[in-house]
file coords.txt (compact mmCIF, C-alpha atoms)
# COMPACT_ATOMS: atom_id res chain seq x y z
CA MET N 1 237.19 146.74 164.58
CA LYS N 2 238.44 143.24 164.09
CA LYS N 3 236.17 140.73 162.44
CA LEU N 4 235.36 137.91 164.84
CA ARG N 5 236.09 134.66 163.08
CA LEU N 6 233.93 131.94 164.58
CA ALA N 7 235.26 128.47 163.78
CA VAL N 8 232.40 126.14 162.93
CA ALA N 9 233.94 123.18 164.68
CA SER N 10 234.63 124.98 167.93
CA VAL N 11 231.15 126.45 168.13
CA ALA N 12 229.61 123.10 167.34
CA ILE N 13 231.37 121.54 170.31
CA GLY N 14 230.02 124.19 172.65
CA MET N 15 226.53 124.05 171.19
CA LEU N 16 226.39 120.26 171.38
CA ALA N 17 227.07 120.42 175.08
CA LEU N 18 224.41 123.06 175.56
CA SER N 19 221.81 121.19 173.56
CA GLY N 20 222.18 118.23 175.92
CA CYS N 21 220.53 120.13 178.76
CA GLY N 22 216.97 119.92 177.44
CA GLN N 23 215.80 117.89 180.42
CA GLY N 24 216.64 120.68 182.85
CA GLY N 25 219.44 121.22 185.31
CA THR N 26 222.91 122.54 184.60
CA PRO N 27 224.31 121.83 181.14
CA ASP N 28 227.54 119.96 180.61
CA ALA N 29 230.28 122.43 179.79
CA PRO N 30 231.96 122.11 176.39
CA ALA N 31 234.97 119.84 176.24
CA GLU N 32 238.37 121.43 175.83
CA GLY N 33 241.28 120.06 173.88
CA ASP N 34 242.60 117.81 176.65
CA GLY N 35 239.19 116.27 177.30
CA ALA N 36 238.60 118.30 180.45
CA LYS N 37 235.40 120.27 180.85
CA ALA N 38 235.51 124.04 181.15
CA GLU N 39 234.59 125.25 184.61
CA ALA N 40 231.82 127.78 185.12
CA PRO N 41 233.56 131.17 185.31
CA GLU N 42 233.49 133.23 188.47
CA TYR N 43 233.85 136.98 188.20
CA LYS N 44 235.42 138.99 191.01
CA VAL N 45 233.00 141.62 192.28
CA ASN N 46 234.36 145.16 192.38
CA GLU N 47 233.32 146.08 195.90
CA SER N 48 234.59 149.65 195.48
CA ALA N 49 232.54 150.41 192.34
CA ASP N 50 231.16 153.94 192.49
CA ILE N 51 229.37 155.39 189.48
CA ALA N 52 227.39 158.03 191.35
CA ASP N 53 227.10 160.16 188.18
CA SER N 54 224.89 157.46 186.66
CA LYS N 55 221.27 157.70 187.74
CA THR N 56 220.68 154.18 186.47
CA TRP N 57 223.54 152.70 188.48
CA LYS N 58 222.67 154.66 191.61
CA ALA N 59 219.03 153.53 191.52
CA ALA N 60 220.11 149.91 191.05
CA LYS N 61 222.65 150.15 193.86
CA ASP N 62 220.05 151.65 196.20
CA ALA N 63 217.64 148.84 195.26
CA GLY N 64 220.29 146.19 195.87
CA GLU N 65 219.90 144.61 192.43
CA ILE N 66 220.50 145.33 188.77
CA THR N 67 217.91 144.32 186.16
CA ILE N 68 219.30 142.98 182.90
CA GLY N 69 217.26 142.14 179.82
CA VAL N 70 218.33 138.89 178.11
CA LYS N 71 216.99 136.41 175.57
CA TYR N 72 215.44 133.16 176.78
CA ASP N 73 215.28 131.24 173.49
CA GLN N 74 218.76 131.32 171.94
CA PRO N 75 220.87 128.25 172.76
CA GLY N 76 224.48 129.07 173.51
CA LEU N 77 223.80 132.77 173.95
CA GLY N 78 220.74 133.35 176.11
CA ASN N 79 218.51 130.37 176.80
CA VAL N 80 216.31 128.88 179.51
CA SER N 81 216.27 125.10 179.30
CA ALA N 82 213.14 123.06 179.93
CA GLY N 83 212.70 122.59 183.66
CA SER N 84 215.06 125.45 184.52
CA LYS N 85 214.34 129.02 185.59
CA THR N 86 217.86 130.37 185.11
CA PRO N 87 219.08 131.64 181.74
CA GLU N 88 222.46 130.47 180.47
CA GLY N 89 224.79 131.23 177.59
CA PHE N 90 227.49 133.63 176.45
CA ASP N 91 225.30 136.73 176.81
CA ILE N 92 224.47 135.70 180.37
CA GLU N 93 228.17 135.32 181.18
CA ILE N 94 228.87 138.76 179.72
CA ALA N 95 226.04 140.15 181.85
CA LYS N 96 227.56 138.57 184.97
CA MET N 97 231.04 139.81 184.07
CA VAL N 98 229.86 143.39 183.56
CA ALA N 99 227.61 143.37 186.63
CA ALA N 100 230.53 142.20 188.79
CA GLN N 101 232.61 145.18 187.69
CA LEU N 102 229.67 147.45 188.50
CA GLY N 103 229.62 146.03 192.03
CA PHE N 104 226.81 143.47 191.82
CA LYS N 105 227.04 139.85 192.93
CA PRO N 106 225.34 137.07 190.91
CA ASP N 107 222.42 136.96 193.36
CA GLN N 108 221.93 140.70 192.87
CA ILE N 109 221.19 140.28 189.16
CA LYS N 110 217.54 140.13 188.12
CA TYR N 111 217.08 138.73 184.62
CA THR N 112 214.12 139.89 182.54
CA GLU N 113 213.20 138.24 179.26
CA THR N 114 213.44 140.58 176.30
CA VAL N 115 212.56 139.92 172.68
CA SER N 116 214.03 141.85 169.78
CA ALA N 117 211.07 144.21 169.44
CA ASN N 118 210.95 145.40 173.06
CA ARG N 119 214.61 146.06 173.83
CA GLU N 120 214.44 149.81 173.15
CA PRO N 121 211.09 150.29 174.96
CA PHE N 122 212.32 148.34 177.99
CA LEU N 123 215.36 150.62 178.27
CA GLN N 124 213.35 153.79 177.62
CA GLN N 125 210.66 152.89 180.16
CA GLY N 126 213.13 151.81 182.85
CA ASN N 127 211.98 148.19 182.88
CA VAL N 128 215.63 147.13 182.69
CA ASP N 129 218.92 148.80 183.53
CA MET N 130 220.77 147.25 180.59
CA VAL N 131 220.22 144.74 177.81
CA VAL N 132 222.60 141.91 176.87
CA ALA N 133 220.57 140.10 174.22
CA THR N 134 222.34 139.62 170.86
CA TYR N 135 221.72 143.36 170.44
CA THR N 136 223.33 144.67 167.26
CA ILE N 137 224.80 148.16 167.52
CA ASN N 138 223.62 150.45 164.73
CA ASP N 139 223.14 154.18 164.16
CA GLU N 140 219.35 154.01 164.11
CA ARG N 141 219.21 152.43 167.56
CA LYS N 142 221.78 154.89 168.89
CA LYS N 143 219.18 157.61 168.40
CA VAL N 144 217.11 156.22 171.27
CA VAL N 145 219.47 154.10 173.40
CA ASP N 146 223.20 153.93 174.15
CA PHE N 147 225.59 151.05 173.60
CA ALA N 148 228.77 149.79 175.20
CA GLY N 149 230.98 147.34 173.36
CA PRO N 150 230.90 145.52 171.07
CA TYR N 151 231.71 142.40 173.06
CA TYR N 152 231.15 140.04 170.09
CA VAL N 153 230.79 140.21 166.30
CA ALA N 154 228.54 137.73 164.51
CA GLY N 155 227.34 137.37 160.90
CA GLN N 156 223.84 136.90 159.52
CA ASP N 157 223.27 133.47 157.99
CA LEU N 158 220.46 131.05 157.08
CA LEU N 159 219.09 127.95 158.81
CA VAL N 160 217.43 125.54 156.39
CA ALA N 161 216.23 121.95 156.21
CA GLU N 162 219.00 119.38 155.91
CA ASP N 163 217.94 118.55 152.33
CA SER N 164 217.35 122.17 151.24
CA ASP N 165 219.00 123.46 148.08
CA ILE N 166 219.23 126.99 149.44
CA ALA N 167 222.96 127.76 149.37
CA GLY N 168 222.95 131.44 150.25
CA PRO N 169 220.84 134.62 150.28
CA GLU N 170 220.94 134.72 146.47
CA ASP N 171 218.59 131.70 146.49
CA LEU N 172 215.83 133.37 148.52
CA ASP N 173 213.73 134.70 145.63
CA GLY N 174 210.18 133.46 146.13
CA LYS N 175 211.11 131.71 149.39
CA LYS N 176 209.52 132.25 152.80
CA VAL N 177 212.14 133.49 155.26
CA CYS N 178 211.44 133.82 158.97
CA SER N 179 213.03 136.20 161.48
CA VAL N 180 211.86 138.22 164.48
CA ASP N 181 210.07 141.54 164.77
CA GLY N 182 212.35 144.54 165.12
CA SER N 183 215.56 142.64 164.41
CA THR N 184 218.42 143.74 162.18
CA PRO N 185 218.34 140.43 160.22
CA ALA N 186 214.66 140.98 159.38
CA GLN N 187 215.39 144.50 158.17
CA ASN N 188 218.29 143.23 156.06
CA ILE N 189 215.95 140.82 154.26
CA LYS N 190 213.44 143.64 153.65
CA ASP N 191 216.09 145.99 152.31
CA LYS N 192 218.37 143.68 150.32
CA TYR N 193 216.34 140.60 149.34
CA LYS N 194 213.03 142.08 148.33
CA LYS N 195 211.88 139.03 146.35
CA ALA N 196 211.90 136.89 149.50
CA GLU N 197 208.67 136.63 151.51
CA LEU N 198 209.47 137.71 155.06
CA VAL N 199 207.58 136.16 157.99
CA THR N 200 208.19 137.57 161.48
CA TYR N 201 207.40 136.54 165.05
CA ASP N 202 208.45 137.75 168.48
CA ALA N 203 210.81 134.82 169.09
CA TYR N 204 213.17 132.71 166.97
CA SER N 205 211.78 129.52 168.47
CA LYS N 206 208.52 130.14 166.57
CA CYS N 207 210.48 130.50 163.33
CA VAL N 208 212.18 127.17 164.02
CA THR N 209 208.79 125.53 164.59
CA ASP N 210 207.64 126.85 161.20
CA LEU N 211 210.81 125.55 159.56
CA GLN N 212 210.20 122.17 161.12
CA SER N 213 206.66 122.04 159.74
CA GLY N 214 207.71 123.30 156.31
CA SER N 215 205.71 126.53 156.63
CA VAL N 216 208.87 128.54 155.88
CA ASP N 217 211.93 127.74 153.80
CA ALA N 218 214.60 129.38 155.96
CA VAL N 219 215.22 131.11 159.28
CA THR N 220 217.65 134.00 159.34
CA THR N 221 219.57 135.60 162.16
CA ASP N 222 223.15 135.59 163.43
CA ASP N 223 225.21 132.47 162.76
CA ALA N 224 225.94 131.66 166.40
CA ILE N 225 222.23 131.53 167.21
CA LEU N 226 221.47 129.35 164.20
CA ARG N 227 224.21 126.88 165.07
CA GLY N 228 222.59 126.40 168.44
CA TYR N 229 219.32 125.44 166.79
CA ALA N 230 221.07 123.21 164.26
CA LYS N 231 222.57 121.26 167.15
CA GLN N 232 219.28 121.06 169.00
CA TYR N 233 217.68 119.54 165.91
CA GLU N 234 220.68 117.66 164.59
CA GLY N 235 219.92 115.84 161.35
CA GLU N 236 216.90 118.07 160.60
CA PHE N 237 218.53 121.45 159.95
CA LYS N 238 221.79 122.87 158.70
CA VAL N 239 223.39 126.32 158.68
CA VAL N 240 224.21 127.42 155.13
CA GLY N 241 227.55 128.80 156.29
CA LYS N 242 227.74 131.93 154.13
CA PRO N 243 227.47 134.91 156.51
CA PHE N 244 226.45 138.03 154.60
CA THR N 245 226.70 140.74 157.27
CA GLU N 246 228.70 141.67 160.36
CA GLU N 247 226.65 142.15 163.51
CA PRO N 248 228.47 143.81 166.43
CA TYR N 249 226.73 142.85 169.67
CA GLY N 250 226.63 145.59 172.28
CA VAL N 251 225.30 146.13 175.79
CA GLY N 252 222.21 148.30 175.46
CA LEU N 253 221.91 151.14 177.97
CA PRO N 254 219.56 154.04 178.72
CA LYS N 255 220.15 157.02 176.44
CA ASP N 256 222.64 159.69 177.55
CA ASP N 257 223.90 157.85 180.63
CA LYS N 258 227.53 158.42 179.68
CA ALA N 259 228.89 157.51 183.11
CA LEU N 260 227.30 154.07 182.90
CA ARG N 261 228.35 153.61 179.27
CA ASP N 262 231.96 154.39 180.14
CA ALA N 263 231.87 152.01 183.11
CA VAL N 264 230.43 149.16 181.04
CA ASN N 265 233.03 149.75 178.31
CA ASP N 266 235.70 149.58 181.01
CA ALA N 267 234.20 146.31 182.27
CA VAL N 268 234.17 144.75 178.80
CA GLU N 269 237.77 145.80 178.13
CA LYS N 270 238.89 144.50 181.51
CA GLY N 271 237.26 141.15 180.81
CA MET N 272 239.10 140.90 177.53
CA ASP N 273 242.40 141.84 179.14
CA ASP N 274 242.25 139.61 182.22
CA GLY N 275 240.91 136.46 180.56
CA ASP N 276 237.33 136.56 181.84
CA TRP N 277 235.92 137.08 178.33
CA LYS N 278 237.86 134.05 177.09
CA LYS N 279 236.58 131.92 179.98
CA ALA N 280 233.00 133.01 179.28
CA PHE N 281 233.29 132.17 175.59
CA GLU N 282 234.88 128.77 176.13
CA TYR N 283 232.34 127.81 178.78
CA THR N 284 229.40 128.54 176.47
CA LEU N 285 230.55 128.50 172.83
CA GLY N 286 233.71 126.41 172.72
CA SER N 287 237.31 127.00 171.70
CA THR N 288 238.64 130.51 171.15
CA ASP N 289 241.54 129.28 169.00
CA ASP N 290 240.17 130.97 165.86
CA VAL N 291 238.47 133.92 167.51
CA ASP N 292 239.61 137.53 167.51
CA MET N 293 238.10 139.63 170.27
CA PRO N 294 236.49 142.79 168.92
CA LYS N 295 237.72 146.25 169.88
CA VAL N 296 235.44 148.35 172.07
CA ASP N 297 234.12 151.33 170.11
CA ARG N 298 233.80 154.28 172.47
CA TYR N 299 231.78 157.29 171.41
call {"tool": "encode", "arguments": {"input": "coords.txt", "output": "structure tokens"}}
result
Amino acid sequence: MKKLRLAVASVAIGMLALSGCGQGGTPDAPAEGDGAKAEAPEYKVNESADIADSKTWKAAKDAGEITIGVKYDQPGLGNVSAGSKTPEGFDIEIAKMVAAQLGFKPDQIKYTETVSANREPFLQQGNVDMVVATYTINDERKKVVDFAGPYYVAGQDLLVAEDSDIAGPEDLDGKKVCSVDGSTPAQNIKDKYKKAELVTYDAYSKCVTDLQSGSVDAVTTDDAILRGYAKQYEGEFKVVGKPFTEEPYGVGLPKDDKALRDAVNDAVEKGMDDGDWKKAFEYTLGSTDDVDMPKVDRY
């Protein structure tokens, strides 16, 4: 698997545009090199999609809509702006891209908010048909759900106050670090940085509020998410910029639905091959000049 190298400058451009939509409405797209704005991608719907061997797909097709779990509080990836009801971000574009290949139009997608702790239960209980929500693929989760992808590789980092002297995870001894319940970043702090005091909530936005008030010393999750918050609160926070993990984001699926997993893997690969993935990234996160697309890991 290739390591996805996320250029700080290019992500910052995309995040700055997204952070300007706090008053509601459609955000300005990130500027490209020639000063033009990226257009919102459109994904051709595969009208002939037929995955009859997938119970999940068949039920969704019969219902006329597919339900996808996404985050609502992660700028640039999965976020609902104030005054808006529609989520936006790279994860949302990936969800649209995959759904189109499965035969669903944009108005046939039902978005359901998921937080890190309920992604597995939502898939197991049938509350959602798939999850596209900064969902790191790992062996423990594979025991209860399936994954397609990865469609993106991020790295865990730290968000701190602008004047903080925390320069990396080695400085966390005795510090209060905030993450979310059930997340891989939270588990990494528990396992590898035992002298840090871990605080968890059900949403990253609550961690950011605590950081703003000084109740915690750092927020930890994937770098792309943190850069979104740094741009929202420009001048208050900074990203340390020393990623200490690799986090492959996958599309979460019901366990043992191999037909659906294969179809979603096909959709992700097609998007990478035909340019749709690139369009989705540039529309939400900025330039892809220094980005290597990850290789889909079929199993």
call {"tool": "residues_around", "arguments": {"input": "coords.txt", "residues": "Lys143 of chain N", "least_positions_apart": "6", "cutoff": "12 Å", "atoms": "all atoms listed in the file", "output": "list in words"}}
result
Glu120, Gln124, Ile137, Leu253, Pro254, Lys255 and Asp256 of chain N
call {"tool": "residues_around", "arguments": {"input": "coords.txt", "residues": "Thr114 of chain N", "least_positions_apart": "2", "cutoff": "12 Å", "atoms": "only C-alpha atoms", "output": "ChimeraX atom specification"}}
result
/N:67-74,78-79,87,111-112,116-123,127-128,130-135,182,202-203,252
call {"tool": "atom_distance", "arguments": {"input": "coords.txt", "atom1": "atom CA of Tyr229 of chain N", "atom2": "atom CA of Met272 of chain N"}}
result
27.3 Å
call {"tool": "closest_residue", "arguments": {"input": "coords.txt", "among": "N:Gln187, N:Ala263, N:Asp210, N:Ser215", "to": "Glu140 of chain N", "atoms": "all atoms listed in the file"}}
result
N:Gln187
call {"tool": "closest_residue", "arguments": {"input": "coords.txt", "among": "N:Glu88, N:Glu246, N:Asp146, N:Glu170", "to": "Asn265 of chain N", "atoms": "all atoms listed in the file"}}
result
N:Asp146
call {"tool": "residues_around", "arguments": {"input": "coords.txt", "residues": "Val219 of chain N", "least_positions_apart": "5", "cutoff": "7 Å", "atoms": "all atoms listed in the file", "output": "PDB file with C-alpha atoms, keeping the file's coordinate frame"}}
result
ATOM      1  CA  LEU N 158     220.460 131.050 157.080  1.00  0.00           C
ATOM      2  CA  LEU N 159     219.090 127.950 158.810  1.00  0.00           C
ATOM      3  CA  VAL N 160     217.430 125.540 156.390  1.00  0.00           C
ATOM      4  CA  VAL N 177     212.140 133.490 155.260  1.00  0.00           C
ATOM      5  CA  CYS N 178     211.440 133.820 158.970  1.00  0.00           C
ATOM      6  CA  SER N 179     213.030 136.200 161.480  1.00  0.00           C
ATOM      7  CA  CYS N 207     210.480 130.500 163.330  1.00  0.00           C
ATOM      8  CA  VAL N 208     212.180 127.170 164.020  1.00  0.00           C
TER       9      VAL N 208
END
call {"tool": "atom_distance", "arguments": {"input": "coords.txt", "atom1": "atom CA of Gly103 of chain N", "atom2": "atom CA of Leu260 of chain N"}}
result
12.4 Å
call {"tool": "build_atoms", "arguments": {"input": "coords.txt", "residues": "segment 241-267 of chain N", "atoms": "N, CA and C atoms", "output": "PDB file, in the frame of the given file"}}
result
ATOM      1  N   GLY N 241     226.122 128.553 156.121  1.00  0.00           N
ATOM      2  CA  GLY N 241     227.550 128.800 156.290  1.00  0.00           C
ATOM      3  C   GLY N 241     228.126 129.864 155.373  1.00  0.00           C
ATOM      4  N   LYS N 242     227.277 130.816 154.953  1.00  0.00           N
ATOM      5  CA  LYS N 242     227.740 131.930 154.130  1.00  0.00           C
ATOM      6  C   LYS N 242     227.262 133.240 154.754  1.00  0.00           C
ATOM      7  N   PRO N 243     227.889 133.664 155.858  1.00  0.00           N
ATOM      8  CA  PRO N 243     227.470 134.910 156.510  1.00  0.00           C
ATOM      9  C   PRO N 243     227.525 136.079 155.520  1.00  0.00           C
ATOM     10  N   PHE N 244     226.499 136.925 155.554  1.00  0.00           N
ATOM     11  CA  PHE N 244     226.450 138.030 154.600  1.00  0.00           C
ATOM     12  C   PHE N 244     226.331 139.398 155.267  1.00  0.00           C
ATOM     13  N   THR N 245     226.608 139.455 156.568  1.00  0.00           N
ATOM     14  CA  THR N 245     226.700 140.740 157.270  1.00  0.00           C
ATOM     15  C   THR N 245     227.703 140.587 158.416  1.00  0.00           C
ATOM     16  N   GLU N 246     228.022 141.692 159.060  1.00  0.00           N
ATOM     17  CA  GLU N 246     228.700 141.670 160.360  1.00  0.00           C
ATOM     18  C   GLU N 246     227.779 142.331 161.364  1.00  0.00           C
ATOM     19  N   GLU N 247     227.569 141.670 162.477  1.00  0.00           N
ATOM     20  CA  GLU N 247     226.650 142.150 163.510  1.00  0.00           C
ATOM     21  C   GLU N 247     227.397 142.328 164.826  1.00  0.00           C
ATOM     22  N   PRO N 248     227.781 143.574 165.155  1.00  0.00           N
ATOM     23  CA  PRO N 248     228.470 143.810 166.430  1.00  0.00           C
ATOM     24  C   PRO N 248     227.473 143.846 167.593  1.00  0.00           C
ATOM     25  N   TYR N 249     227.614 142.895 168.513  1.00  0.00           N
ATOM     26  CA  TYR N 249     226.730 142.850 169.670  1.00  0.00           C
ATOM     27  C   TYR N 249     227.217 143.829 170.739  1.00  0.00           C
ATOM     28  N   GLY N 250     226.288 144.649 171.229  1.00  0.00           N
ATOM     29  CA  GLY N 250     226.630 145.590 172.280  1.00  0.00           C
ATOM     30  C   GLY N 250     225.733 145.428 173.493  1.00  0.00           C
ATOM     31  N   VAL N 251     226.125 146.062 174.580  1.00  0.00           N
ATOM     32  CA  VAL N 251     225.300 146.130 175.790  1.00  0.00           C
ATOM     33  C   VAL N 251     224.427 147.375 175.659  1.00  0.00           C
ATOM     34  N   GLY N 252     223.120 147.176 175.582  1.00  0.00           N
ATOM     35  CA  GLY N 252     222.210 148.300 175.460  1.00  0.00           C
ATOM     36  C   GLY N 252     222.006 148.989 176.799  1.00  0.00           C
ATOM     37  N   LEU N 253     222.001 150.328 176.757  1.00  0.00           N
ATOM     38  CA  LEU N 253     221.910 151.140 177.970  1.00  0.00           C
ATOM     39  C   LEU N 253     220.945 152.305 177.775  1.00  0.00           C
ATOM     40  N   PRO N 254     220.432 152.866 178.861  1.00  0.00           N
ATOM     41  CA  PRO N 254     219.560 154.040 178.720  1.00  0.00           C
ATOM     42  C   PRO N 254     220.288 155.178 178.002  1.00  0.00           C
ATOM     43  N   LYS N 255     219.569 155.931 177.220  1.00  0.00           N
ATOM     44  CA  LYS N 255     220.150 157.020 176.440  1.00  0.00           C
ATOM     45  C   LYS N 255     220.752 158.096 177.340  1.00  0.00           C
ATOM     46  N   ASP N 256     221.943 158.546 176.931  1.00  0.00           N
ATOM     47  CA  ASP N 256     222.640 159.690 177.550  1.00  0.00           C
ATOM     48  C   ASP N 256     223.129 159.425 178.973  1.00  0.00           C
ATOM     49  N   ASP N 257     223.275 158.160 179.347  1.00  0.00           N
ATOM     50  CA  ASP N 257     223.900 157.850 180.630  1.00  0.00           C
ATOM     51  C   ASP N 257     225.377 157.533 180.356  1.00  0.00           C
ATOM     52  N   LYS N 258     226.139 158.592 180.103  1.00  0.00           N
ATOM     53  CA  LYS N 258     227.530 158.420 179.680  1.00  0.00           C
ATOM     54  C   LYS N 258     228.379 157.760 180.766  1.00  0.00           C
ATOM     55  N   ALA N 259     228.105 158.086 182.019  1.00  0.00           N
ATOM     56  CA  ALA N 259     228.890 157.510 183.110  1.00  0.00           C
ATOM     57  C   ALA N 259     228.743 155.984 183.123  1.00  0.00           C
ATOM     58  N   LEU N 260     227.526 155.520 182.921  1.00  0.00           N
ATOM     59  CA  LEU N 260     227.300 154.070 182.900  1.00  0.00           C
ATOM     60  C   LEU N 260     227.916 153.448 181.650  1.00  0.00           C
ATOM     61  N   ARG N 261     227.771 154.131 180.519  1.00  0.00           N
ATOM     62  CA  ARG N 261     228.350 153.610 179.270  1.00  0.00           C
ATOM     63  C   ARG N 261     229.860 153.458 179.394  1.00  0.00           C
ATOM     64  N   ASP N 262     230.512 154.458 179.952  1.00  0.00           N
ATOM     65  CA  ASP N 262     231.960 154.390 180.140  1.00  0.00           C
ATOM     66  C   ASP N 262     232.340 153.234 181.072  1.00  0.00           C
ATOM     67  N   ALA N 263     231.569 153.066 182.136  1.00  0.00           N
ATOM     68  CA  ALA N 263     231.870 152.010 183.110  1.00  0.00           C
ATOM     69  C   ALA N 263     231.685 150.623 182.500  1.00  0.00           C
ATOM     70  N   VAL N 264     230.658 150.452 181.675  1.00  0.00           N
ATOM     71  CA  VAL N 264     230.430 149.160 181.040  1.00  0.00           C
ATOM     72  C   VAL N 264     231.513 148.884 179.995  1.00  0.00           C
ATOM     73  N   ASN N 265     231.906 149.912 179.245  1.00  0.00           N
ATOM     74  CA  ASN N 265     233.030 149.750 178.310  1.00  0.00           C
ATOM     75  C   ASN N 265     234.293 149.324 179.049  1.00  0.00           C
ATOM     76  N   ASP N 266     234.536 149.953 180.195  1.00  0.00           N
ATOM     77  CA  ASP N 266     235.700 149.580 181.010  1.00  0.00           C
ATOM     78  C   ASP N 266     235.615 148.114 181.433  1.00  0.00           C
ATOM     79  N   ALA N 267     234.402 147.695 181.811  1.00  0.00           N
ATOM     80  CA  ALA N 267     234.200 146.310 182.270  1.00  0.00           C
ATOM     81  C   ALA N 267     234.447 145.314 181.142  1.00  0.00           C
TER      82      ALA N 267
END
